[in-house]
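With compact mmCIF, C-alpha atoms inside, this is my_file-v2.txt:
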# COMPACT_ATOMS: atom_id res chain seq x y z
CA MET A 1 -0.21 -2.17 -27.73
CA LYS A 2 0.28 -0.04 -24.67
CA ARG A 3 1.79 -1.96 -21.76
CA PHE A 4 0.80 -1.20 -18.16
CA SER A 5 3.73 -0.65 -15.87
CA PHE A 6 3.71 -2.26 -12.46
CA ILE A 7 4.67 -0.15 -9.44
CA ALA A 8 5.62 -2.32 -6.48
CA VAL A 9 5.30 -1.24 -2.92
CA CYS A 10 8.76 -2.23 -1.66
CA PHE A 11 9.76 -3.27 1.83
CA ALA A 12 13.43 -4.39 1.82
CA VAL A 13 12.54 -7.04 -0.73
CA SER A 14 9.86 -6.81 -3.37
CA LEU A 15 6.65 -7.24 -1.37
CA ALA A 16 3.31 -6.21 -2.81
CA PHE A 17 0.34 -5.56 -0.57
CA ALA A 18 -3.26 -4.75 -1.41
CA VAL A 19 -6.38 -3.73 0.44
CA SER A 20 -9.35 -6.04 0.03
CA ALA A 21 -10.92 -3.82 -2.64
CA PHE A 22 -7.81 -3.81 -4.85
CA GLY A 23 -8.11 -5.36 -8.26
CA GLN A 24 -11.91 -5.45 -8.24
CA GLY A 25 -12.31 -2.43 -10.49
CA ALA A 26 -15.59 -0.55 -10.72
CA VAL A 27 -18.62 -2.13 -12.31
CA PRO A 28 -21.61 0.23 -12.44
CA ALA A 29 -24.96 -0.84 -13.82
CA ALA A 30 -24.68 -1.90 -17.45
CA THR A 31 -26.54 1.03 -18.93
CA GLY A 32 -25.55 3.57 -21.55
CA PRO A 33 -23.80 2.85 -24.86
CA GLY A 34 -21.89 -0.15 -23.48
CA LYS A 35 -18.39 1.31 -23.60
CA ILE A 36 -15.76 -0.53 -21.58
CA GLY A 37 -12.89 1.46 -20.11
CA LEU A 38 -9.55 0.33 -18.72
CA VAL A 39 -7.73 1.87 -15.80
CA ASN A 40 -4.26 1.09 -14.46
CA VAL A 41 -4.65 1.19 -10.68
CA ASN A 42 -0.86 1.00 -10.23
CA ALA A 43 -0.57 4.43 -11.87
CA PHE A 44 -2.43 5.91 -8.88
CA ALA A 45 0.87 5.78 -6.94
CA ASP A 46 2.97 7.50 -9.62
CA ASP A 47 5.14 10.19 -8.03
CA LYS A 48 4.41 12.78 -10.72
CA ALA A 49 1.11 11.89 -12.32
CA GLY A 50 -0.70 9.81 -9.70
CA ILE A 51 -3.55 10.46 -7.31
CA THR A 52 -2.20 12.95 -4.78
CA LYS A 53 -4.09 11.68 -1.73
CA PHE A 54 -3.28 8.04 -2.53
CA ARG A 55 0.40 8.77 -3.11
CA ASN A 56 0.70 10.82 0.08
CA ALA A 57 -0.84 7.99 2.08
CA LEU A 58 1.70 5.53 0.71
CA ASN A 59 4.58 7.91 1.37
CA SER A 60 3.43 8.43 4.95
CA LEU A 61 4.26 4.80 5.67
CA ASP A 62 7.92 5.15 4.71
CA PRO A 63 9.18 6.86 7.92
CA GLU A 64 7.14 4.48 10.04
CA PHE A 65 8.91 1.42 8.60
CA LYS A 66 12.36 2.92 8.06
CA PRO A 67 13.85 1.53 11.32
CA ILE A 68 13.02 -2.10 10.55
CA ASN A 69 13.98 -1.61 6.92
CA ASP A 70 17.37 -0.28 8.04
CA GLN A 71 17.82 -3.28 10.32
CA ILE A 72 17.21 -5.66 7.44
CA THR A 73 19.61 -3.75 5.20
CA THR A 74 22.37 -3.83 7.84
CA LYS A 75 21.95 -7.54 8.46
CA ARG A 76 21.86 -8.36 4.76
CA THR A 77 25.10 -6.41 4.25
CA ARG A 78 26.76 -8.38 7.05
CA TYR A 79 25.40 -11.62 5.59
CA GLN A 80 26.92 -10.82 2.20
CA THR A 81 30.25 -10.01 3.86
CA LEU A 82 30.18 -13.33 5.70
CA ALA A 83 29.43 -15.18 2.48
CA GLY A 84 32.64 -13.81 0.98
CA GLU A 85 34.67 -14.66 4.08
CA ILE A 86 33.26 -18.19 4.19
CA GLN A 87 34.14 -18.70 0.55
CA LYS A 88 37.75 -17.74 1.25
CA LEU A 89 37.97 -19.98 4.32
CA GLN A 90 36.75 -22.92 2.28
CA GLN A 91 39.94 -22.70 0.26
CA PRO A 92 43.05 -24.61 1.45
CA ALA A 93 44.64 -22.98 4.51
CA PRO A 94 47.51 -20.58 3.70
CA ALA A 95 51.02 -21.74 4.46
CA GLY A 96 51.82 -21.44 8.16
CA VAL A 97 48.17 -21.37 9.26
CA PRO A 98 47.04 -24.55 11.09
CA ALA A 99 44.12 -26.24 9.36
CA ALA A 100 42.33 -26.51 12.72
CA ASN A 101 42.31 -22.71 13.13
CA ASN A 102 41.01 -22.29 9.61
CA GLN A 103 38.21 -24.80 10.26
CA SER A 104 37.33 -23.15 13.57
CA ASN A 105 36.97 -19.74 11.92
CA LEU A 106 34.89 -21.28 9.13
CA SER A 107 32.50 -22.95 11.57
CA ALA A 108 32.03 -19.72 13.55
CA LYS A 109 31.24 -17.69 10.44
CA VAL A 110 28.87 -20.33 9.06
CA GLU A 111 26.99 -20.32 12.36
CA GLU A 112 26.80 -16.51 12.35
CA ALA A 113 25.53 -16.54 8.77
CA GLN A 114 22.86 -19.10 9.63
CA ASN A 115 21.69 -17.02 12.58
CA LEU A 116 21.58 -13.90 10.43
CA GLU A 117 19.51 -15.71 7.83
CA ILE A 118 16.96 -16.62 10.51
CA GLU A 119 16.92 -13.05 11.88
CA ILE A 120 16.46 -11.52 8.43
CA LYS A 121 13.59 -13.86 7.62
CA ARG A 122 11.90 -13.08 10.95
CA LEU A 123 12.26 -9.32 10.45
CA GLN A 124 10.86 -9.57 6.93
CA GLU A 125 7.86 -11.63 8.08
CA ASP A 126 7.15 -9.32 11.02
CA GLY A 127 7.57 -6.26 8.83
CA LYS A 128 5.29 -7.70 6.16
CA THR A 129 2.54 -8.41 8.69
CA LYS A 130 2.76 -4.94 10.23
CA TYR A 131 2.98 -3.24 6.84
CA GLU A 132 -0.09 -5.06 5.52
CA ARG A 133 -2.09 -4.01 8.59
CA ARG A 134 -1.00 -0.39 8.38
CA TYR A 135 -1.45 -0.36 4.60
CA GLN A 136 -5.08 -1.35 5.01
CA GLN A 137 -5.60 1.20 7.78
CA VAL A 138 -3.99 4.08 5.91
CA VAL A 139 -4.70 3.34 2.26
CA GLY A 140 -7.87 1.27 2.54
CA PRO A 141 -10.31 4.15 3.21
CA ILE A 142 -8.72 6.22 0.45
CA TYR A 143 -8.97 3.39 -2.04
CA ALA A 144 -12.63 2.88 -1.12
CA ASP A 145 -13.17 6.57 -1.87
CA ILE A 146 -11.36 6.14 -5.20
CA ILE A 147 -13.67 3.23 -6.13
CA LYS A 148 -16.69 5.33 -5.21
CA ASN A 149 -15.51 8.13 -7.47
CA LEU A 150 -14.56 5.70 -10.22
CA ASN A 151 -18.18 4.54 -10.30
CA GLU A 152 -19.31 8.17 -10.52
CA PHE A 153 -16.76 8.80 -13.29
CA ALA A 154 -18.09 5.79 -15.24
CA ARG A 155 -21.67 7.03 -14.98
CA GLN A 156 -20.76 10.55 -16.07
CA LYS A 157 -18.68 9.38 -19.02
CA GLY A 158 -21.12 6.73 -20.21
CA TYR A 159 -19.04 3.63 -19.49
CA ALA A 160 -20.94 0.40 -18.84
CA MET A 161 -17.94 -0.81 -16.87
CA ILE A 162 -14.33 0.06 -16.10
CA LEU A 163 -11.85 -2.79 -15.64
CA ASP A 164 -8.49 -2.98 -13.90
CA GLY A 165 -6.19 -3.26 -16.92
CA ALA A 166 -3.09 -3.97 -14.80
CA LYS A 167 -4.72 -7.02 -13.21
CA LEU A 168 -6.00 -8.26 -16.56
CA GLU A 169 -2.54 -7.97 -18.08
CA GLU A 170 -0.94 -9.66 -15.07
CA ALA A 171 -3.35 -12.57 -15.50
CA GLY A 172 -2.54 -12.81 -19.21
CA ILE A 173 -6.10 -11.87 -20.18
CA LEU A 174 -5.46 -8.44 -21.69
CA MET A 175 -3.69 -8.94 -25.02
CA GLY A 176 -4.35 -5.60 -26.69
CA PHE A 177 -6.75 -2.67 -26.72
CA ASP A 178 -7.50 0.69 -28.29
CA ASP A 179 -5.67 3.42 -26.33
CA LYS A 180 -8.72 5.66 -26.41
CA TYR A 181 -10.37 3.37 -23.85
CA ASP A 182 -7.51 3.78 -21.38
CA VAL A 183 -9.07 6.28 -18.99
CA THR A 184 -6.32 6.22 -16.36
CA LYS A 185 -5.04 9.77 -16.84
CA GLU A 186 -8.52 11.16 -17.32
CA PHE A 187 -9.77 9.57 -14.11
CA ILE A 188 -6.74 10.69 -12.09
CA THR A 189 -7.36 14.26 -13.22
CA PHE A 190 -11.05 13.84 -12.37
CA TYR A 191 -10.30 12.53 -8.89
CA ASN A 192 -7.57 15.03 -8.02
CA ALA A 193 -9.93 17.89 -8.90
CA ARG A 194 -12.69 16.72 -6.58
CA PRO A 195 -13.16 18.04 -3.02
CA ALA A 196 -11.55 16.06 -0.24
CA GLY A 197 -13.60 12.98 0.56
CA THR A 198 -14.56 11.58 3.91
CA ALA A 199 -11.87 8.90 3.85
CA THR A 200 -9.70 8.94 6.96
CA THR A 201 -6.60 7.08 8.04
CA ALA A 202 -5.87 5.37 11.32
CA ALA A 203 -3.02 6.32 13.60
CA PRO A 204 -0.33 3.71 14.31
CA LYS A 205 -1.10 1.28 17.12

Just dump the structure as structure tokens.
Amino acid sequence: MKRFSFIAVCFAVSLAFAVSAFGQGAVPAATGPGKIGLVNVNAFADDKAGITKFRNALNSLDPEFKPINDQITTKRTRYQTLAGEIQKLQQPAPAGVPAANNQSNLSAKVEEAQNLEIEIKRLQEDGKTKYERRYQQVVGPIYADIIKNLNEFARQKGYAMILDGAKLEEAGILMGFDDKYDVTKEFITFYNARPAGTATTAAPK
């Protein structure tokens, strides 16, 4: 059995976002010989063998979100440092160091760590919201164009329907299949060879 790999769109932590059309697959009219194909939509973002226009759209978001991503990384590093310092301060005070001083330092660092935790969570939530909006603006039109061409591909190749194999596997529905019905590579080649579509992306707001 051939397993589908899952490519996550990462934003500081593993956060996956999808446009509204994701996961629906393409279901043309059930005509022809009744073949059913499988496509791994996650492979569209592969750096070497993916859909060029789709991959470039995803990559264009990286510089836009680098500043907030860097903020989260810096704060998480400080948080981890504080965790180590707090652990040490929770040990008995060294000889010659008043217990009150030790407790005062511990309280200050615990408070800083708590504040950092709140800040990190807020940055992640804000970043997630902004990323989802921009993802739909930038990638959404391209994905709609991909679905349009996937329908055309199905008609040309005689498939009654093409299903999203990655989603089926994720849901525990896809248990095994004949590799010859995995049309991922064939469709990516088909799409990359076509003239540029009308899909456009929105500028940041």

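CA of Lys66 in chain A is found 18.3 Å from CA of Arg78 in chain A.
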
Mind listing as a ChimeraX atom specification all residues within 12 Å of (10.5, 1.1, 8.6), counting all atoms listed in the file?
-> /A:10-12,59-73,123-124,126-128,130-131,134

Could you name the residues that touch range 180-188 of chain A at 7 Å or less, counting all atoms listed in the file, but leaving out those on the same chain fewer than 4 positions away, as a VMD selection string?
-> chain A and resid 37 to 40 50 to 51 192

Could you tell me, as number ranges by chain, which residues have any atom at most 12 Å from (-17.7, 6.8, -9.6), counting all atoms listed in the file?
-> A: 25-29, 144-162, 187-188, 190-191, 194

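Remark: for Gly165 in chain A, the closest of the candidate residues A:Ala57, A:Ala193, A:Gln80, A:Asp179 is A:Asp179 (distances computed over only C-alpha atoms).
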
Nearest to Thr81 in chain A: which of A:Leu106, A:Ala113, A:Ala49, A:Leu58 is it, counting all atoms listed in the file?
->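 Counting all atoms listed in the file, the residue closest to Thr81 in chain A is A:Ala113.
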
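Taking CA of Phe54 in chain A and CA of Thr189 in chain A as the two end points, the separation is 13.0 Å.
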
For the atom pair CA of Gly140 in chain A and CA of Ile36 in chain A, what is the interatomic distance in Å to one decimal place?
->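 A separation of 25.4 Å between them.
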
Skipping near chain neighbours, those fewer than 6 positions away, what residues fall within 12 Å of Ala108 in chain A using all atoms listed in the file, listed as a list in words?
-> Leu82, Glu85, Ile86, Leu89, Asn101, Asn102, Gln114 and Asn115 of chain A

Emit the selected residues as a short mmCIF file (atom, residue, chain, number, x, y, z; two decimals), keeping the file's coordinate frame, including C-alpha atoms.
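And here is the file that came out, result_18.cif:
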data_model
loop_
_atom_site.label_atom_id
_atom_site.label_comp_id
_atom_site.auth_asym_id
_atom_site.auth_seq_id
_atom_site.Cartn_x
_atom_site.Cartn_y
_atom_site.Cartn_z
CA LEU A 82 30.18 -13.33 5.70
CA GLU A 85 34.67 -14.66 4.08
CA ILE A 86 33.26 -18.19 4.19
CA LEU A 89 37.97 -19.98 4.32
CA ASN A 101 42.31 -22.71 13.13
CA ASN A 102 41.01 -22.29 9.61
CA GLN A 114 22.86 -19.10 9.63
CA ASN A 115 21.69 -17.02 12.58
#

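In terms of minimum interatomic distance to Ala45 in chain A, A:Val139 ranks closest within A:Ala83, A:Val139, A:Ala171, A:Ile120, counting only C-alpha atoms.
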